[in-house]
Amino acid sequence: MYLKYQDFQPADFIEDPYFRAWVANPNSNSDKFWKSFLSAHPEKFDEVWAAKNLLLAIHLKVSQDFSTKSNEDAVFSRIQTEIENDQPNSWRLPSWSRWLAAASVVMAIVFGLSKLPSSSSGDDYEVNRRELGVQLIEKVNNTAQTMVVKLRDGSIISIKPKSKISYASDFNKGSERKIYLSGEAFFNVTRNPKKPFLVYANDLVTKVLGTSFNVSAYQASNHVTVKVLTGKVSVVLSENYKTGQYPHAGTLLLPNQQATWLRDESKMVKNLVEDPIPLPDQTKNSVETFVYQSTPVKDVFRTLEKTYGVEIEFDEGLFANCLLTANLSDLSLYDKLDVICKSVEAKYDVIEAQIVVSGTGCDNDLNTN
């Protein structure tokens, strides 16, 4: 994954969006990447830090007047201090790099390079696009309505407002179908086990064979969320995917489950979606009305599991004598659970992607509320 940077000179690093984003807004992922790069290629140390020095100078916007030696020294003293906070004690900025930074600051400002990428500049999207190394087709939704794009493999992407996607012109010819996303989109993917469908969105790669799911990955947001409607997907950090740590480093998601990557905390959280819906195949084939008359609660829970594709954990022995009489037809999953639990004096908690029901159970007279 370091191949493209092995022959970089300071000017190349300065022009690279991922490098510039790291200098302007470092995070745990970018710090880890560049420290690993320098560990693998110590010969690039001077080039990396010279480039970082220049960008830091631009980032400080150098309000001082460079016509005087004292002001120039003051600026570079600030730069040197900031750099030395995360470099080995034995290294000091070489004089040629100091000159390079001084000469380039003015040029960079003149040519507009002083506007470094921020967390909302879309750098992750651009970095992901460039790594493919081929000409891409881009679809940008600047309207207030959802934009629908149909791909050559039959997959359909619904792009939300202020969002965009990119894909190769020969999208369906390779061994993988790759999509690059900035913003939010819903994907209905045509199944093809021989050609996995990959969505690159900020720090995450979502891999599927054929399913429908939603990805929210706005550059300005501090989290990325993947929600699954049908089928199953695997979500993995792009860094782990590129280094071959997939699939054991991935998070598997089933219908009505979601994974949220908290970018600031470098943490993946898996749980149920906010409003689980019946699985499409269950809705189509089921005649379940959710109207119960003295029905064992354990049977109701099993029906909910099958209908919504969720796992409900409860003690069957404890609730063996519990019966339910109720009409749950027009209620959401969580409202159904509220009615059930109130009826049998129980409660439920959503723990990760499971629903856990606890209570004291029912006596031998049987609960028929």
# chains A, B, ... in the order shown; residues from 1 in each chain; ligands from 1
call {"tool": "residues_around", "arguments": {"residues": "Ile159 (chain A)", "least_positions_apart": "6", "cutoff": "9 Å", "atoms": "only C-alpha atoms", "output": "NGL selection string"}}
result
:A and (139-141 or 145-149 or 165 or 183-187)
call {"tool": "closest_residue", "arguments": {"among": "A:Ala326, A:Val300, A:Ala353, A:Val199", "to": "Lys270 (chain A)", "atoms": "only C-alpha atoms"}}
result
A:Ala353
call {"tool": "closest_residue", "arguments": {"among": "A:Val291, A:Leu324, A:Val189, A:Val205", "to": "Thr251 (chain A)", "atoms": "only C-alpha atoms"}}
result
A:Val205
call {"tool": "atom_distance", "arguments": {"atom1": "CA of Pro161 (chain A)", "atom2": "CA of Ala201 (chain A)"}}
result
16.0 Å
call {"tool": "residues_around", "arguments": {"residues": "Val226 (chain A)", "least_positions_apart": "6", "cutoff": "9 Å", "atoms": "only C-alpha atoms", "output": "list in words"}}
result
Thr206, Phe213, Asn214, Val215, Ser216, Ala217, Val235, Leu253, Gln257, Gln258, Ala259, Thr260 and Trp261 of chain A
call {"tool": "write_last_selection", "arguments": {"atoms": "all heavy atoms", "output": "mmCIF file, in the first residue's frame"}}
result
data_model
loop_
_atom_site.group_PDB
_atom_site.id
_atom_site.type_symbol
_atom_site.label_atom_id
_atom_site.label_comp_id
_atom_site.auth_asym_id
_atom_site.auth_seq_id
_atom_site.Cartn_x
_atom_site.Cartn_y
_atom_site.Cartn_z
ATOM 1 N N THR A 206 -17.264 -1.404 2.255
ATOM 2 C CA THR A 206 -18.398 -2.306 2.455
ATOM 3 C C THR A 206 -18.408 -3.298 1.303
ATOM 4 O O THR A 206 -18.464 -2.902 0.134
ATOM 5 C CB THR A 206 -19.720 -1.528 2.494
ATOM 6 O OG1 THR A 206 -19.669 -0.565 3.555
ATOM 7 C CG2 THR A 206 -20.899 -2.458 2.725
ATOM 8 N N PHE A 213 -28.589 -1.961 0.836
ATOM 9 C CA PHE A 213 -28.066 -1.342 2.054
ATOM 10 C C PHE A 213 -27.863 0.143 1.818
ATOM 11 O O PHE A 213 -27.869 0.622 0.682
ATOM 12 C CB PHE A 213 -26.748 -1.989 2.467
ATOM 13 C CG PHE A 213 -25.663 -1.889 1.428
ATOM 14 C CD1 PHE A 213 -24.680 -0.919 1.517
ATOM 15 C CD2 PHE A 213 -25.627 -2.761 0.353
ATOM 16 C CE1 PHE A 213 -23.690 -0.806 0.564
ATOM 17 C CE2 PHE A 213 -24.632 -2.667 -0.616
ATOM 18 C CZ PHE A 213 -23.668 -1.694 -0.505
ATOM 19 N N ASN A 214 -27.683 0.868 2.910
ATOM 20 C CA ASN A 214 -27.475 2.317 2.856
ATOM 21 C C ASN A 214 -26.137 2.666 3.496
ATOM 22 O O ASN A 214 -25.765 2.109 4.526
ATOM 23 C CB ASN A 214 -28.601 3.040 3.600
ATOM 24 C CG ASN A 214 -28.592 4.538 3.356
ATOM 25 O OD1 ASN A 214 -29.152 5.019 2.383
ATOM 26 N ND2 ASN A 214 -27.971 5.297 4.249
ATOM 27 N N VAL A 215 -25.409 3.590 2.867
ATOM 28 C CA VAL A 215 -24.143 4.061 3.413
ATOM 29 C C VAL A 215 -24.206 5.575 3.574
ATOM 30 O O VAL A 215 -24.555 6.289 2.635
ATOM 31 C CB VAL A 215 -22.944 3.695 2.508
ATOM 32 C CG1 VAL A 215 -21.640 4.222 3.119
ATOM 33 C CG2 VAL A 215 -22.870 2.192 2.303
ATOM 34 N N SER A 216 -23.895 6.038 4.769
ATOM 35 C CA SER A 216 -23.819 7.475 5.039
ATOM 36 C C SER A 216 -22.386 7.812 5.411
ATOM 37 O O SER A 216 -21.892 7.354 6.447
ATOM 38 C CB SER A 216 -24.784 7.860 6.168
ATOM 39 O OG SER A 216 -24.674 9.238 6.461
ATOM 40 N N ALA A 217 -21.727 8.607 4.557
ATOM 41 C CA ALA A 217 -20.304 8.901 4.774
ATOM 42 C C ALA A 217 -19.996 10.317 4.319
ATOM 43 O O ALA A 217 -19.271 10.532 3.346
ATOM 44 C CB ALA A 217 -19.436 7.891 4.028
ATOM 45 N N VAL A 235 -18.291 -5.123 6.636
ATOM 46 C CA VAL A 235 -17.722 -3.780 6.708
ATOM 47 C C VAL A 235 -16.337 -3.882 7.334
ATOM 48 O O VAL A 235 -16.152 -4.518 8.365
ATOM 49 C CB VAL A 235 -18.614 -2.849 7.558
ATOM 50 C CG1 VAL A 235 -17.996 -1.470 7.657
ATOM 51 C CG2 VAL A 235 -20.009 -2.769 6.962
ATOM 52 N N LEU A 253 -22.751 -7.794 8.860
ATOM 53 C CA LEU A 253 -24.054 -7.195 9.139
ATOM 54 C C LEU A 253 -25.148 -7.971 8.413
ATOM 55 O O LEU A 253 -25.008 -8.312 7.240
ATOM 56 C CB LEU A 253 -24.090 -5.739 8.677
ATOM 57 C CG LEU A 253 -23.118 -4.764 9.336
ATOM 58 C CD1 LEU A 253 -23.267 -3.377 8.712
ATOM 59 C CD2 LEU A 253 -23.349 -4.698 10.837
ATOM 60 N N GLN A 257 -29.515 -4.562 10.719
ATOM 61 C CA GLN A 257 -28.346 -4.260 11.531
ATOM 62 C C GLN A 257 -27.561 -3.117 10.892
ATOM 63 O O GLN A 257 -27.649 -2.881 9.680
ATOM 64 C CB GLN A 257 -27.446 -5.490 11.674
ATOM 65 C CG GLN A 257 -28.068 -6.626 12.448
ATOM 66 C CD GLN A 257 -27.139 -7.817 12.585
ATOM 67 O OE1 GLN A 257 -26.059 -7.863 12.001
ATOM 68 N NE2 GLN A 257 -27.562 -8.807 13.368
ATOM 69 N N GLN A 258 -26.799 -2.437 11.699
ATOM 70 C CA GLN A 258 -25.965 -1.359 11.200
ATOM 71 C C GLN A 258 -24.637 -1.340 11.931
ATOM 72 O O GLN A 258 -24.511 -1.829 13.052
ATOM 73 C CB GLN A 258 -26.653 -0.002 11.340
ATOM 74 C CG GLN A 258 -26.809 0.474 12.773
ATOM 75 C CD GLN A 258 -27.487 1.831 12.874
ATOM 76 O OE1 GLN A 258 -28.296 2.199 12.028
ATOM 77 N NE2 GLN A 258 -27.139 2.587 13.906
ATOM 78 N N ALA A 259 -23.639 -0.788 11.255
ATOM 79 C CA ALA A 259 -22.329 -0.573 11.868
ATOM 80 C C ALA A 259 -21.980 0.894 11.708
ATOM 81 O O ALA A 259 -22.163 1.471 10.631
ATOM 82 C CB ALA A 259 -21.272 -1.449 11.216
ATOM 83 N N THR A 260 -21.486 1.488 12.768
ATOM 84 C CA THR A 260 -21.086 2.892 12.745
ATOM 85 C C THR A 260 -19.627 2.996 13.137
ATOM 86 O O THR A 260 -19.229 2.522 14.211
ATOM 87 C CB THR A 260 -21.947 3.734 13.705
ATOM 88 O OG1 THR A 260 -23.318 3.617 13.328
ATOM 89 C CG2 THR A 260 -21.527 5.199 13.644
ATOM 90 N N TRP A 261 -18.847 3.582 12.256
ATOM 91 C CA TRP A 261 -17.432 3.820 12.536
ATOM 92 C C TRP A 261 -17.296 5.221 13.112
ATOM 93 O O TRP A 261 -17.596 6.221 12.449
ATOM 94 C CB TRP A 261 -16.605 3.669 11.266
ATOM 95 C CG TRP A 261 -15.164 4.070 11.409
ATOM 96 C CD1 TRP A 261 -14.536 5.124 10.815
ATOM 97 C CD2 TRP A 261 -14.157 3.407 12.196
ATOM 98 N NE1 TRP A 261 -13.219 5.169 11.175
ATOM 99 C CE2 TRP A 261 -12.949 4.132 12.023
ATOM 100 C CE3 TRP A 261 -14.163 2.288 13.019
ATOM 101 C CZ2 TRP A 261 -11.771 3.756 12.652
ATOM 102 C CZ3 TRP A 261 -12.982 1.923 13.655
ATOM 103 C CH2 TRP A 261 -11.804 2.648 13.459
#
call {"tool": "residues_around", "arguments": {"residues": "region 329-337 of chain A", "least_positions_apart": "6", "cutoff": "8 Å", "atoms": "only C-alpha atoms", "output": "list in words"}}
result
Asp275, Pro276, Ile277, Thr289, Phe290, Val291, Leu304, Tyr308 and Tyr348 of chain A
call {"tool": "select_by_dssp", "arguments": {"residues": "region 202-297 of chain A", "states": "strand (DSSP E)", "output": "VMD selection string"}}
result
chain A and resid 204 to 208 212 to 217 223 to 230 233 to 237 251 to 253 257 to 262 267 to 272 291 to 296
call {"tool": "residues_around", "arguments": {"residues": "Ser175 (chain A)", "least_positions_apart": "6", "cutoff": "10 Å", "atoms": "only C-alpha atoms", "output": "PyMOL selection string"}}
result
chain A and resi 194-197
call {"tool": "atom_distance", "arguments": {"atom1": "CA of Asp153 (chain A)", "atom2": "CA of Ile137 (chain A)"}}
result
15.1 Å
call {"tool": "atom_distance", "arguments": {"atom1": "CA of Val48 (chain A)", "atom2": "CA of Tyr5 (chain A)"}}
result
10.0 Å
call {"tool": "closest_residue", "arguments": {"among": "A:Met268, A:Tyr18, A:Lys207, A:Val134", "to": "Asp31 (chain A)", "atoms": "only C-alpha atoms"}}
result
A:Tyr18
call {"tool": "closest_residue", "arguments": {"among": "A:Gly359, A:Glu239, A:Asn27, A:Glu305", "to": "Lys347 (chain A)", "atoms": "only C-alpha atoms"}}
result
A:Gly359
call {"tool": "closest_residue", "arguments": {"among": "A:Ile156, A:Val127, A:Ala144, A:Cys322", "to": "Ser238 (chain A)", "atoms": "only C-alpha atoms"}}
result
A:Val127
call {"tool": "closest_residue", "arguments": {"among": "A:Ala220, A:Ala320, A:Val228, A:Leu204", "to": "Lys267 (chain A)", "atoms": "only C-alpha atoms"}}
result
A:Leu204
call {"tool": "residues_around", "arguments": {"residues": "Gly231 (chain A)", "least_positions_apart": "6", "cutoff": "10 Å", "atoms": "only C-alpha atoms", "output": "list in words"}}
result
Val189, Arg191, Val208, Leu209, Gly210, Thr211, Ser212, Phe213, Leu253, Leu254, Pro255, Asn256 and Leu279 of chain A
call {"tool": "write_last_selection", "arguments": {"atoms": "N, CA, C and O atoms", "output": "mmCIF file, in the first residue's frame"}}
result
data_model
loop_
_atom_site.group_PDB
_atom_site.id
_atom_site.type_symbol
_atom_site.label_atom_id
_atom_site.label_comp_id
_atom_site.auth_asym_id
_atom_site.auth_seq_id
_atom_site.Cartn_x
_atom_site.Cartn_y
_atom_site.Cartn_z
ATOM 1 N N VAL A 189 -28.018 -4.000 -4.958
ATOM 2 C CA VAL A 189 -26.953 -4.625 -5.738
ATOM 3 C C VAL A 189 -27.401 -5.930 -6.373
ATOM 4 O O VAL A 189 -27.963 -6.809 -5.701
ATOM 5 N N ARG A 191 -26.906 -9.529 -7.566
ATOM 6 C CA ARG A 191 -26.033 -10.578 -7.031
ATOM 7 C C ARG A 191 -25.121 -11.139 -8.108
ATOM 8 O O ARG A 191 -25.543 -11.462 -9.211
ATOM 9 N N VAL A 208 -20.120 -6.677 -0.569
ATOM 10 C CA VAL A 208 -21.338 -7.474 -0.693
ATOM 11 C C VAL A 208 -21.265 -8.302 -1.967
ATOM 12 O O VAL A 208 -20.463 -8.038 -2.867
ATOM 13 N N LEU A 209 -22.144 -9.325 -2.034
ATOM 14 C CA LEU A 209 -22.320 -10.087 -3.271
ATOM 15 C C LEU A 209 -23.604 -9.643 -3.963
ATOM 16 O O LEU A 209 -23.654 -9.485 -5.175
ATOM 17 N N GLY A 210 -24.642 -9.473 -3.199
ATOM 18 C CA GLY A 210 -25.909 -9.006 -3.735
ATOM 19 C C GLY A 210 -26.852 -8.721 -2.592
ATOM 20 O O GLY A 210 -27.204 -9.623 -1.839
ATOM 21 N N THR A 211 -27.251 -7.484 -2.423
ATOM 22 C CA THR A 211 -28.077 -7.109 -1.276
ATOM 23 C C THR A 211 -28.526 -5.664 -1.447
ATOM 24 O O THR A 211 -28.239 -5.024 -2.453
ATOM 25 N N SER A 212 -29.223 -5.134 -0.446
ATOM 26 C CA SER A 212 -29.590 -3.721 -0.452
ATOM 27 C C SER A 212 -29.202 -3.122 0.889
ATOM 28 O O SER A 212 -29.457 -3.712 1.935
ATOM 29 N N PHE A 213 -28.589 -1.961 0.836
ATOM 30 C CA PHE A 213 -28.066 -1.342 2.054
ATOM 31 C C PHE A 213 -27.863 0.143 1.818
ATOM 32 O O PHE A 213 -27.869 0.622 0.682
ATOM 33 N N LEU A 253 -22.751 -7.794 8.860
ATOM 34 C CA LEU A 253 -24.054 -7.195 9.139
ATOM 35 C C LEU A 253 -25.148 -7.971 8.413
ATOM 36 O O LEU A 253 -25.008 -8.312 7.240
ATOM 37 N N LEU A 254 -26.245 -8.221 9.127
ATOM 38 C CA LEU A 254 -27.424 -8.882 8.579
ATOM 39 C C LEU A 254 -28.556 -7.860 8.487
ATOM 40 O O LEU A 254 -28.408 -6.719 8.940
ATOM 41 N N PRO A 255 -29.705 -8.238 7.890
ATOM 42 C CA PRO A 255 -30.812 -7.278 7.770
ATOM 43 C C PRO A 255 -31.186 -6.628 9.097
ATOM 44 O O PRO A 255 -31.189 -7.278 10.153
ATOM 45 N N ASN A 256 -31.501 -5.357 9.038
ATOM 46 C CA ASN A 256 -31.880 -4.534 10.188
ATOM 47 C C ASN A 256 -30.733 -4.298 11.165
ATOM 48 O O ASN A 256 -30.958 -3.865 12.299
ATOM 49 N N LEU A 279 -38.630 -8.237 7.019
ATOM 50 C CA LEU A 279 -37.840 -8.622 5.856
ATOM 51 C C LEU A 279 -38.740 -8.728 4.642
ATOM 52 O O LEU A 279 -39.871 -9.223 4.740
#
